[in-house]
Amino acid sequence: MNEIFHNLYEMTAFSNIIAEPQFLIMYAIAFILLYLGIKKQYEPLLLVPIAFGVLLANFPGGEMGVIQADENGMVNIHGVMKNIWEMPLHDIAHEMGLMNFIYYMLIKTGFLPPIIFMGVGALTDFGPMLRNLRLSIFGAAAQLGIFTVLLVALLMGFTPKEAASLGIIGGADGPTAIFTTIKLAPHLLGPIAIAAYSYMALVPVIIPLVVNLLCTKKELSINMKEQEKKYPSKTEIKNLTVLKIVFPIVVTTVVALFVPSAVPLIGMLMFGNLVKEIGANTSRLFDAASNSIMNAATIFLGLSVGATMTAEAFLNLTTIGIVIGGFLAFALSIAGGILFVKVVNLFSKKKINPLIGATGLSAVPMASRVANEIALKYDPKNHVLQYCMASNISGVIGSAVAAGVLISFLG
């Protein structure tokens, strides 16, 4: 009878958890992420799949955790080293489990990030940016965090490729971070993806933190509509519909000529936007890109990225450095946009609310919504959403181009 009870006990996960209590830390992290996604509603479409992937990956014996390949593509499977790129997909599924099959087929190949960018493009309206084109420059200024943290990471001992993959978290764009890391430092994909998506979800916390440190009440009370009335724009868009169709074609062409390595992201982003703007003739393509394809891609991306966060992969100094560096990159990107607005305001009669600079990230449209809420606290009539979207949307393009530049120089 004792033997039966012993076998039953060994069959459960309790013995492994008692032997390796670090699993409890990972469960706590998963529950916190689930709480933020479900209760606080911080990017639930991303955070809930990621959090549940973390939970699934850390049940001993469940075989749902992703086994990361090293720099040479070697993985340890039951004590035997194998080259992951020489294994057929059905062998990966059989020997390593479902989540590894999804991860190496869809994520590690670089397939899903451009697909998600297509969906993002289909959901994006470039109208606010085109109406306020001068504000789009703050999307470029907000890339400061990427290159600053890259330099800091080099000083900390990271290789140039690892430093670039860490810095790209400052772009606040999960697919861009994943795509860049796949190209430059695939062995760091798990912690970098987790950090990027976690900080994207924490935009409602991080933006107010940086804004309160750098901005005064007077600056945050600048009313953009009043500024427009005082100093009306001399440029008038006569046919916005045509411009919105031409824009994705022109941007793709220009980026392809100057930064070819950014084409997989920018090209798919602009294609998704183009089928949206054409209208009824491509409505079925728009519906597929923005709904079924986008939703399926988000599910697979979230679960498999979460599954990379095993106790073994996450609880180490490198990962802790990535988490700290990612936060620094994120905060510096927000600060860069704010400080650039302050500089512009020194030389311009037409003042700009610093919140517009704070939204030069890729976290669309959450960053803009958060900034608008901050502005309304200081002035209930000060709606800055459409102005923030101009900077916010340009940040998507800016981070993808920055990723392309890094890949071109270091890839």
# chains A, B, ... in the order shown; residues from 1 in each chain; ligands from 1

call {"tool": "residues_around", "arguments": {"residues": "Tyr231 in chain A", "least_positions_apart": "2", "cutoff": "12 Å", "atoms": "only C-alpha atoms", "output": "PyMOL selection string"}}
result
chain A and resi 224-229+233-235+348-352

call {"tool": "residues_around", "arguments": {"residues": "Ile116 in chain A", "least_positions_apart": "3", "cutoff": "8 Å", "atoms": "only C-alpha atoms", "output": "list of chain:residue names"}}
result
A:Leu112, A:Pro113, A:Gly119, A:Val120, A:Pro175, A:Met294, A:Ala297, A:Thr298

call {"tool": "residues_around", "arguments": {"residues": "Val401 in chain A", "least_positions_apart": "3", "cutoff": "12 Å", "atoms": "only C-alpha atoms", "output": "PyMOL selection string"}}
result
chain A and resi 139-140+143+146+168+171+176+180+251-252+254-267+269+362+394-398+404-408

call {"tool": "closest_residue", "arguments": {"among": "A:Glu86, A:Glu277, A:Asp287, A:Glu95", "to": "Pro248 in chain A", "atoms": "only C-alpha atoms"}}
result
A:Glu277

call {"tool": "atom_distance", "arguments": {"atom1": "CA of Pro44 in chain A", "atom2": "CA of Gly302 in chain A"}}
result
10.6 Å

call {"tool": "decode", "arguments": {"residues": "range 263-292 of chain A", "atoms": "N, CA and C atoms", "output": "mmCIF file, in the first residue's frame"}}
result
data_model
loop_
_atom_site.group_PDB
_atom_site.id
_atom_site.type_symbol
_atom_site.label_atom_id
_atom_site.label_comp_id
_atom_site.auth_asym_id
_atom_site.auth_seq_id
_atom_site.Cartn_x
_atom_site.Cartn_y
_atom_site.Cartn_z
ATOM 1 N N VAL A 263 12.147 45.849 -44.442
ATOM 2 C CA VAL A 263 10.997 45.590 -45.315
ATOM 3 C C VAL A 263 10.036 44.520 -44.770
ATOM 4 N N PRO A 264 10.531 43.408 -44.177
ATOM 5 C CA PRO A 264 9.569 42.421 -43.665
ATOM 6 C C PRO A 264 8.555 43.014 -42.688
ATOM 7 N N LEU A 265 8.978 43.958 -41.858
ATOM 8 C CA LEU A 265 8.059 44.573 -40.899
ATOM 9 C C LEU A 265 7.289 45.731 -41.525
ATOM 10 N N ILE A 266 8.006 46.702 -42.088
ATOM 11 C CA ILE A 266 7.348 47.870 -42.672
ATOM 12 C C ILE A 266 6.463 47.466 -43.846
ATOM 13 N N GLY A 267 6.957 46.555 -44.681
ATOM 14 C CA GLY A 267 6.189 46.125 -45.847
ATOM 15 C C GLY A 267 4.863 45.492 -45.462
ATOM 16 N N MET A 268 4.885 44.607 -44.481
ATOM 17 C CA MET A 268 3.644 43.958 -44.052
ATOM 18 C C MET A 268 2.727 44.932 -43.310
ATOM 19 N N LEU A 269 3.318 45.863 -42.544
ATOM 20 C CA LEU A 269 2.531 46.897 -41.868
ATOM 21 C C LEU A 269 1.775 47.739 -42.894
ATOM 22 N N MET A 270 2.480 48.164 -43.926
ATOM 23 C CA MET A 270 1.875 49.029 -44.934
ATOM 24 C C MET A 270 0.910 48.274 -45.841
ATOM 25 N N PHE A 271 1.182 46.993 -46.091
ATOM 26 C CA PHE A 271 0.229 46.201 -46.879
ATOM 27 C C PHE A 271 -1.099 46.080 -46.141
ATOM 28 N N GLY A 272 -1.031 45.771 -44.837
ATOM 29 C CA GLY A 272 -2.251 45.677 -44.043
ATOM 30 C C GLY A 272 -3.023 46.980 -44.052
ATOM 31 N N ASN A 273 -2.303 48.117 -43.972
ATOM 32 C CA ASN A 273 -2.967 49.412 -43.992
ATOM 33 C C ASN A 273 -3.558 49.715 -45.365
ATOM 34 N N LEU A 274 -2.852 49.313 -46.411
ATOM 35 C CA LEU A 274 -3.324 49.581 -47.771
ATOM 36 C C LEU A 274 -4.660 48.894 -48.051
ATOM 37 N N VAL A 275 -4.785 47.612 -47.685
ATOM 38 C CA VAL A 275 -6.044 46.911 -47.963
ATOM 39 C C VAL A 275 -7.193 47.495 -47.137
ATOM 40 N N LYS A 276 -6.860 48.127 -46.026
ATOM 41 C CA LYS A 276 -7.884 48.815 -45.231
ATOM 42 C C LYS A 276 -8.351 50.082 -45.938
ATOM 43 N N GLU A 277 -7.389 50.862 -46.437
ATOM 44 C CA GLU A 277 -7.716 52.167 -47.007
ATOM 45 C C GLU A 277 -8.346 52.077 -48.394
ATOM 46 N N ILE A 278 -8.086 51.003 -49.135
ATOM 47 C CA ILE A 278 -8.681 50.873 -50.472
ATOM 48 C C ILE A 278 -10.197 50.824 -50.375
ATOM 49 N N GLY A 279 -10.700 50.124 -49.330
ATOM 50 C CA GLY A 279 -12.147 50.121 -49.106
ATOM 51 C C GLY A 279 -12.834 48.839 -49.505
ATOM 52 N N ALA A 280 -13.990 48.953 -50.101
ATOM 53 C CA ALA A 280 -14.872 47.806 -50.356
ATOM 54 C C ALA A 280 -14.226 46.734 -51.224
ATOM 55 N N ASN A 281 -13.393 47.130 -52.165
ATOM 56 C CA ASN A 281 -12.797 46.159 -53.091
ATOM 57 C C ASN A 281 -11.848 45.181 -52.401
ATOM 58 N N THR A 282 -11.301 45.568 -51.284
ATOM 59 C CA THR A 282 -10.389 44.678 -50.550
ATOM 60 C C THR A 282 -10.888 44.437 -49.125
ATOM 61 N N SER A 283 -12.177 44.581 -48.919
ATOM 62 C CA SER A 283 -12.735 44.463 -47.564
ATOM 63 C C SER A 283 -12.526 43.072 -46.974
ATOM 64 N N ARG A 284 -12.580 42.033 -47.821
ATOM 65 C CA ARG A 284 -12.380 40.669 -47.298
ATOM 66 C C ARG A 284 -10.943 40.463 -46.836
ATOM 67 N N LEU A 285 -9.994 41.045 -47.574
ATOM 68 C CA LEU A 285 -8.591 40.954 -47.155
ATOM 69 C C LEU A 285 -8.385 41.710 -45.844
ATOM 70 N N PHE A 286 -8.997 42.883 -45.752
ATOM 71 C CA PHE A 286 -8.897 43.673 -44.525
ATOM 72 C C PHE A 286 -9.498 42.919 -43.339
ATOM 73 N N ASP A 287 -10.638 42.295 -43.551
ATOM 74 C CA ASP A 287 -11.298 41.563 -42.461
ATOM 75 C C ASP A 287 -10.439 40.396 -41.980
ATOM 76 N N ALA A 288 -9.836 39.667 -42.932
ATOM 77 C CA ALA A 288 -8.985 38.525 -42.551
ATOM 78 C C ALA A 288 -7.739 38.994 -41.806
ATOM 79 N N ALA A 289 -7.096 40.052 -42.330
ATOM 80 C CA ALA A 289 -5.859 40.538 -41.717
ATOM 81 C C ALA A 289 -6.083 41.092 -40.316
ATOM 82 N N SER A 290 -7.207 41.767 -40.108
ATOM 83 C CA SER A 290 -7.446 42.442 -38.829
ATOM 84 C C SER A 290 -8.179 41.583 -37.814
ATOM 85 N N ASN A 291 -8.749 40.474 -38.253
ATOM 86 C CA ASN A 291 -9.515 39.636 -37.328
ATOM 87 C C ASN A 291 -8.942 38.230 -37.198
ATOM 88 N N SER A 292 -9.336 37.321 -38.083
ATOM 89 C CA SER A 292 -8.993 35.899 -37.899
ATOM 90 C C SER A 292 -7.490 35.643 -37.906
#
